Amino acid sequence: MSDSIGLLRAVNVGGQGAVPMAGLRAELARRKFEEVRTVLQSGNLVFREPKSPGPKVERDLEDAIDEAFGFRTVAFVRSAAEWAEIRRHNPFPKEAVADPGHLILVCLKTVPAAPALAALRSAIRGRETVELRGRDLYAVYPDGMGTSRLTMAVLESKLGTRATARNWNTVAKIAALSGG
């Protein structure tokens, strides 16, 4: 058994998708997820998983949220080893140290088609910079995400897949809890 990381899209953000973390931990424990821990209040999970992370675990998380809290969300699961690779292969190491709140990891449901990164880059209207590594997009928002035109809707549209984002501070907190 090893640690897995689960990221839930649009949980406890902007007054929508309200999920109390204690309730989520209890619900997942009831569903046989082991050693469930949460990081912050925005749908970041670390849990023990006897099988490899993948689509079944993601569906199990999505079903748990739907059934227990009454709304459908999208779940993204990575192993602790994958999380360590995400951190190790960060193409923006200077930003990770100097401005981790503006370095964003965007976890993707699937690997985008080859021309998707060029399409995404052509849609950038500000100072944002992006790099793609498999199912993970690294983005630097030097002026912040709040006013950027490079929104999640644009990212998903150009990349052709669902996505969820975490800043580098959160990535580090998850790593500390998961050993990744």
# chains A, B, ... in the order shown; residues from 1 in each chain; ligands from 1
>>> residues_around(residues="region 142-149 of chain A", least_positions_apart="5", cutoff="7 Å", atoms="only C-alpha atoms", output="short mmCIF file (atom, residue, chain, number, x, y, z; two decimals) with N, CA and C atoms, in the first residue's frame")
data_model
loop_
_atom_site.label_atom_id
_atom_site.label_comp_id
_atom_site.auth_asym_id
_atom_site.auth_seq_id
_atom_site.Cartn_x
_atom_site.Cartn_y
_atom_site.Cartn_z
N HIS A 102 2.33 32.18 -7.18
CA HIS A 102 1.97 32.46 -8.57
C HIS A 102 2.42 31.36 -9.53
N ARG A 125 -2.96 36.02 -23.37
CA ARG A 125 -3.02 37.45 -23.66
C ARG A 125 -2.23 38.29 -22.65
N ARG A 127 1.04 37.97 -19.32
CA ARG A 127 2.45 37.59 -19.12
C ARG A 127 2.60 36.14 -18.65
N GLU A 128 1.53 35.37 -18.70
CA GLU A 128 1.59 33.98 -18.23
C GLU A 128 2.52 33.14 -19.11
#
>>> atom_distance(atom1="CA of Ala118 (chain A)", atom2="CA of Leu7 (chain A)")
26.2 Å
>>> select_by_dssp(residues="region 10-88 of chain A", states="strand (DSSP E or B)", output="NGL selection string")
:A and (13 or 16 or 34-39 or 44-49 or 75-79)
>>> atom_distance(atom1="CA of Gly160 (chain A)", atom2="CA of Ala81 (chain A)")
25.7 Å
>>> residues_around(residues="Arg25 (chain A)", least_positions_apart="4", cutoff="12 Å", atoms="only C-alpha atoms", output="PDB file with C-alpha atoms, in the first residue's frame")
ATOM      1  CA  VAL A  19     -17.688  19.948   1.522  1.00  0.00           C
ATOM      2  CA  PRO A  20     -16.638  19.879   5.184  1.00  0.00           C
ATOM      3  CA  MET A  21     -13.265  18.140   5.339  1.00  0.00           C
ATOM      4  CA  ALA A  29     -13.298   6.018   5.584  1.00  0.00           C
ATOM      5  CA  ARG A  30     -16.811   4.527   5.409  1.00  0.00           C
ATOM      6  CA  ARG A  31     -16.054   3.628   1.789  1.00  0.00           C
ATOM      7  CA  LYS A  32     -12.841   1.805   2.804  1.00  0.00           C
ATOM      8  CA  PHE A  33     -10.334   4.503   1.869  1.00  0.00           C
ATOM      9  CA  GLU A  34      -7.560   4.189   4.448  1.00  0.00           C
ATOM     10  CA  GLU A  35      -5.719   6.849   6.476  1.00  0.00           C
ATOM     11  CA  VAL A  36      -7.551   9.714   4.777  1.00  0.00           C
ATOM     12  CA  ARG A  37      -5.980  13.093   5.455  1.00  0.00           C
ATOM     13  CA  THR A  38      -6.935  16.476   4.047  1.00  0.00           C
ATOM     14  CA  VAL A  39      -4.754  19.452   3.192  1.00  0.00           C
ATOM     15  CA  GLN A  41     -10.136  23.159   2.805  1.00  0.00           C
ATOM     16  CA  GLY A  43     -10.424  19.268  -1.727  1.00  0.00           C
ATOM     17  CA  ASN A  44      -6.853  18.020  -1.340  1.00  0.00           C
ATOM     18  CA  LEU A  45      -6.619  14.469  -0.050  1.00  0.00           C
ATOM     19  CA  VAL A  46      -3.894  12.051   0.870  1.00  0.00           C
ATOM     20  CA  PHE A  47      -4.945   8.447   1.493  1.00  0.00           C
ATOM     21  CA  LEU A  61     -14.090   9.730  -5.162  1.00  0.00           C
ATOM     22  CA  ALA A  64     -18.604   9.627  -2.827  1.00  0.00           C
ATOM     23  CA  ILE A  65     -18.920  13.411  -3.218  1.00  0.00           C
ATOM     24  CA  ALA A  68     -22.698  12.283   0.369  1.00  0.00           C
TER      25      ALA A  68
END
>>> residues_around(residues="Gly101 (chain A)", least_positions_apart="2", cutoff="7 Å", atoms="only C-alpha atoms", output="ChimeraX atom specification")
/A:99,103,167-169
>>> closest_residue(among="A:Ser157, A:Asn90, A:Ser122, A:Thr110", to="Val171 (chain A)", atoms="only C-alpha atoms")
A:Asn90
>>> residues_around(residues="Ala116 (chain A)", least_positions_apart="2", cutoff="10 Å", atoms="only C-alpha atoms", output="PyMOL selection string")
chain A and resi 111-114+118-122+132+155+157-160
>>> write_last_selection(atoms="C-alpha atoms", output="PDB file, in the first residue's frame")
ATOM      1  CA  VAL A 111      -2.618  13.874 -21.770  1.00  0.00           C
ATOM      2  CA  PRO A 112      -3.518  16.578 -24.313  1.00  0.00           C
ATOM      3  CA  ALA A 113      -3.112  15.995 -28.040  1.00  0.00           C
ATOM      4  CA  ALA A 114       0.218  17.198 -29.461  1.00  0.00           C
ATOM      5  CA  ALA A 118       0.587  25.510 -29.117  1.00  0.00           C
ATOM      6  CA  ALA A 119      -3.132  26.341 -29.151  1.00  0.00           C
ATOM      7  CA  LEU A 120      -3.002  27.180 -25.464  1.00  0.00           C
ATOM      8  CA  ARG A 121       0.064  29.368 -25.860  1.00  0.00           C
ATOM      9  CA  SER A 122      -1.596  31.254 -28.706  1.00  0.00           C
ATOM     10  CA  LEU A 132       3.344  20.779 -20.290  1.00  0.00           C
ATOM     11  CA  LEU A 155      -7.119  25.888 -20.275  1.00  0.00           C
ATOM     12  CA  SER A 157     -10.932  24.260 -23.932  1.00  0.00           C
ATOM     13  CA  LYS A 158      -7.490  24.546 -25.517  1.00  0.00           C
ATOM     14  CA  LEU A 159      -6.100  21.365 -23.938  1.00  0.00           C
ATOM     15  CA  GLY A 160      -9.250  19.320 -24.560  1.00  0.00           C
TER      16      GLY A 160
END
>>> atom_distance(atom1="CA of Ile174 (chain A)", atom2="CA of Ile86 (chain A)")
11.8 Å
>>> closest_residue(among="A:Glu82, A:Glu156, A:Glu67, A:Glu62", to="Leu108 (chain A)", atoms="only C-alpha atoms")
A:Glu156
>>> decode(residues="region 58-171 of chain A", atoms="C-alpha atoms", output="PDB file, in the first residue's frame")
ATOM      1  CA  GLU A  58     -11.211   8.773  -9.381  1.00  0.00           C
ATOM      2  CA  ARG A  59     -14.760   7.523 -10.043  1.00  0.00           C
ATOM      3  CA  ASP A  60     -15.007   6.259  -6.458  1.00  0.00           C
ATOM      4  CA  LEU A  61     -14.090   9.730  -5.162  1.00  0.00           C
ATOM      5  CA  GLU A  62     -16.519  11.429  -7.548  1.00  0.00           C
ATOM      6  CA  ASP A  63     -19.327   9.059  -6.527  1.00  0.00           C
ATOM      7  CA  ALA A  64     -18.604   9.627  -2.827  1.00  0.00           C
ATOM      8  CA  ILE A  65     -18.920  13.411  -3.218  1.00  0.00           C
ATOM      9  CA  ASP A  66     -22.082  13.098  -5.295  1.00  0.00           C
ATOM     10  CA  GLU A  67     -23.800  10.700  -2.918  1.00  0.00           C
ATOM     11  CA  ALA A  68     -22.698  12.283   0.369  1.00  0.00           C
ATOM     12  CA  PHE A  69     -22.735  15.988  -0.514  1.00  0.00           C
ATOM     13  CA  GLY A  70     -25.203  16.212  -3.397  1.00  0.00           C
ATOM     14  CA  PHE A  71     -23.115  17.514  -6.282  1.00  0.00           C
ATOM     15  CA  ARG A  72     -20.868  16.080  -8.958  1.00  0.00           C
ATOM     16  CA  THR A  73     -17.238  17.105  -9.149  1.00  0.00           C
ATOM     17  CA  VAL A  74     -14.178  15.820 -10.976  1.00  0.00           C
ATOM     18  CA  ALA A  75     -11.426  13.968  -9.117  1.00  0.00           C
ATOM     19  CA  PHE A  76      -7.772  13.692 -10.114  1.00  0.00           C
ATOM     20  CA  VAL A  77      -5.581  11.044  -8.485  1.00  0.00           C
ATOM     21  CA  ARG A  78      -1.802  10.757  -8.510  1.00  0.00           C
ATOM     22  CA  SER A  79       0.470   8.409  -6.603  1.00  0.00           C
ATOM     23  CA  ALA A  80       3.001   9.802  -4.131  1.00  0.00           C
ATOM     24  CA  ALA A  81       5.725   8.759  -6.597  1.00  0.00           C
ATOM     25  CA  GLU A  82       3.996  10.703  -9.390  1.00  0.00           C
ATOM     26  CA  TRP A  83       3.696  13.711  -7.047  1.00  0.00           C
ATOM     27  CA  ALA A  84       7.430  13.552  -6.372  1.00  0.00           C
ATOM     28  CA  GLU A  85       8.045  13.485 -10.146  1.00  0.00           C
ATOM     29  CA  ILE A  86       5.757  16.493 -10.600  1.00  0.00           C
ATOM     30  CA  ARG A  87       7.871  18.427  -8.123  1.00  0.00           C
ATOM     31  CA  ARG A  88      11.170  17.187  -9.527  1.00  0.00           C
ATOM     32  CA  HIS A  89      10.270  18.064 -13.137  1.00  0.00           C
ATOM     33  CA  ASN A  90       9.003  21.575 -12.399  1.00  0.00           C
ATOM     34  CA  PRO A  91      10.283  23.698 -15.304  1.00  0.00           C
ATOM     35  CA  PHE A  92      10.063  26.872 -13.178  1.00  0.00           C
ATOM     36  CA  PRO A  93      12.372  26.243 -10.187  1.00  0.00           C
ATOM     37  CA  LYS A  94      13.125  29.940  -9.631  1.00  0.00           C
ATOM     38  CA  GLU A  95       9.426  30.784  -9.339  1.00  0.00           C
ATOM     39  CA  ALA A  96       8.924  27.838  -6.973  1.00  0.00           C
ATOM     40  CA  VAL A  97      11.278  29.548  -4.535  1.00  0.00           C
ATOM     41  CA  ALA A  98      10.755  33.249  -5.230  1.00  0.00           C
ATOM     42  CA  ASP A  99       6.981  33.324  -5.872  1.00  0.00           C
ATOM     43  CA  PRO A 100       5.317  29.956  -5.167  1.00  0.00           C
ATOM     44  CA  GLY A 101       1.857  31.527  -4.880  1.00  0.00           C
ATOM     45  CA  HIS A 102       1.973  32.456  -8.568  1.00  0.00           C
ATOM     46  CA  LEU A 103       3.356  29.125  -9.801  1.00  0.00           C
ATOM     47  CA  ILE A 104       0.397  26.899 -10.543  1.00  0.00           C
ATOM     48  CA  LEU A 105       0.247  23.151 -11.095  1.00  0.00           C
ATOM     49  CA  VAL A 106      -2.678  22.233 -13.317  1.00  0.00           C
ATOM     50  CA  CYS A 107      -3.467  18.526 -13.092  1.00  0.00           C
ATOM     51  CA  LEU A 108      -5.161  17.209 -16.206  1.00  0.00           C
ATOM     52  CA  LYS A 109      -7.509  14.267 -16.627  1.00  0.00           C
ATOM     53  CA  THR A 110      -5.747  13.077 -19.785  1.00  0.00           C
ATOM     54  CA  VAL A 111      -2.618  13.874 -21.770  1.00  0.00           C
ATOM     55  CA  PRO A 112      -3.518  16.578 -24.313  1.00  0.00           C
ATOM     56  CA  ALA A 113      -3.112  15.995 -28.040  1.00  0.00           C
ATOM     57  CA  ALA A 114       0.218  17.198 -29.461  1.00  0.00           C
ATOM     58  CA  PRO A 115      -1.015  20.524 -30.957  1.00  0.00           C
ATOM     59  CA  ALA A 116      -2.879  21.514 -27.775  1.00  0.00           C
ATOM     60  CA  LEU A 117       0.049  23.262 -26.093  1.00  0.00           C
ATOM     61  CA  ALA A 118       0.587  25.510 -29.117  1.00  0.00           C
ATOM     62  CA  ALA A 119      -3.132  26.341 -29.151  1.00  0.00           C
ATOM     63  CA  LEU A 120      -3.002  27.180 -25.464  1.00  0.00           C
ATOM     64  CA  ARG A 121       0.064  29.368 -25.860  1.00  0.00           C
ATOM     65  CA  SER A 122      -1.596  31.254 -28.706  1.00  0.00           C
ATOM     66  CA  ALA A 123      -4.545  32.030 -26.397  1.00  0.00           C
ATOM     67  CA  ILE A 124      -2.357  33.695 -23.748  1.00  0.00           C
ATOM     68  CA  ARG A 125      -3.020  37.451 -23.656  1.00  0.00           C
ATOM     69  CA  GLY A 126      -0.965  38.363 -20.595  1.00  0.00           C
ATOM     70  CA  ARG A 127       2.448  37.588 -19.118  1.00  0.00           C
ATOM     71  CA  GLU A 128       1.591  33.982 -18.231  1.00  0.00           C
ATOM     72  CA  THR A 129       3.995  31.207 -19.180  1.00  0.00           C
ATOM     73  CA  VAL A 130       3.108  27.514 -19.474  1.00  0.00           C
ATOM     74  CA  GLU A 131       4.917  24.203 -19.882  1.00  0.00           C
ATOM     75  CA  LEU A 132       3.344  20.779 -20.290  1.00  0.00           C
ATOM     76  CA  ARG A 133       4.715  17.532 -18.823  1.00  0.00           C
ATOM     77  CA  GLY A 134       2.378  14.629 -19.615  1.00  0.00           C
ATOM     78  CA  ARG A 135      -0.851  15.065 -17.623  1.00  0.00           C
ATOM     79  CA  ASP A 136       0.493  18.083 -15.750  1.00  0.00           C
ATOM     80  CA  LEU A 137       0.689  21.696 -16.849  1.00  0.00           C
ATOM     81  CA  TYR A 138       2.898  24.171 -15.029  1.00  0.00           C
ATOM     82  CA  ALA A 139       1.806  27.795 -15.317  1.00  0.00           C
ATOM     83  CA  VAL A 140       3.322  30.999 -14.006  1.00  0.00           C
ATOM     84  CA  TYR A 141       0.814  33.802 -13.421  1.00  0.00           C
ATOM     85  CA  PRO A 142       3.144  36.714 -12.531  1.00  0.00           C
ATOM     86  CA  ASP A 143       0.168  39.079 -12.123  1.00  0.00           C
ATOM     87  CA  GLY A 144      -2.003  36.511 -10.294  1.00  0.00           C
ATOM     88  CA  MET A 145      -4.797  34.230 -11.471  1.00  0.00           C
ATOM     89  CA  GLY A 146      -7.645  36.435 -10.286  1.00  0.00           C
ATOM     90  CA  THR A 147      -7.477  38.923 -13.145  1.00  0.00           C
ATOM     91  CA  SER A 148      -5.882  36.704 -15.779  1.00  0.00           C
ATOM     92  CA  ARG A 149      -7.675  35.858 -18.992  1.00  0.00           C
ATOM     93  CA  LEU A 150      -5.961  32.466 -18.883  1.00  0.00           C
ATOM     94  CA  THR A 151      -8.838  30.905 -16.956  1.00  0.00           C
ATOM     95  CA  MET A 152      -9.614  27.272 -16.232  1.00  0.00           C
ATOM     96  CA  ALA A 153     -12.246  27.398 -18.993  1.00  0.00           C
ATOM     97  CA  VAL A 154      -9.595  28.515 -21.506  1.00  0.00           C
ATOM     98  CA  LEU A 155      -7.119  25.888 -20.275  1.00  0.00           C
ATOM     99  CA  GLU A 156      -9.677  23.088 -20.549  1.00  0.00           C
ATOM    100  CA  SER A 157     -10.932  24.260 -23.932  1.00  0.00           C
ATOM    101  CA  LYS A 158      -7.490  24.546 -25.517  1.00  0.00           C
ATOM    102  CA  LEU A 159      -6.100  21.365 -23.938  1.00  0.00           C
ATOM    103  CA  GLY A 160      -9.250  19.320 -24.560  1.00  0.00           C
ATOM    104  CA  THR A 161      -9.409  17.825 -21.076  1.00  0.00           C
ATOM    105  CA  ARG A 162     -10.717  18.556 -17.578  1.00  0.00           C
ATOM    106  CA  ALA A 163      -8.335  20.243 -15.144  1.00  0.00           C
ATOM    107  CA  THR A 164      -7.842  21.437 -11.578  1.00  0.00           C
ATOM    108  CA  ALA A 165      -5.205  23.837 -10.296  1.00  0.00           C
ATOM    109  CA  ARG A 166      -3.136  24.216  -7.115  1.00  0.00           C
ATOM    110  CA  ASN A 167      -0.486  26.796  -6.327  1.00  0.00           C
ATOM    111  CA  TRP A 168       3.026  25.626  -5.517  1.00  0.00           C
ATOM    112  CA  ASN A 169       2.577  26.281  -1.785  1.00  0.00           C
ATOM    113  CA  THR A 170      -0.259  23.742  -1.773  1.00  0.00           C
ATOM    114  CA  VAL A 171       1.761  21.317  -3.924  1.00  0.00           C
TER     115      VAL A 171
END
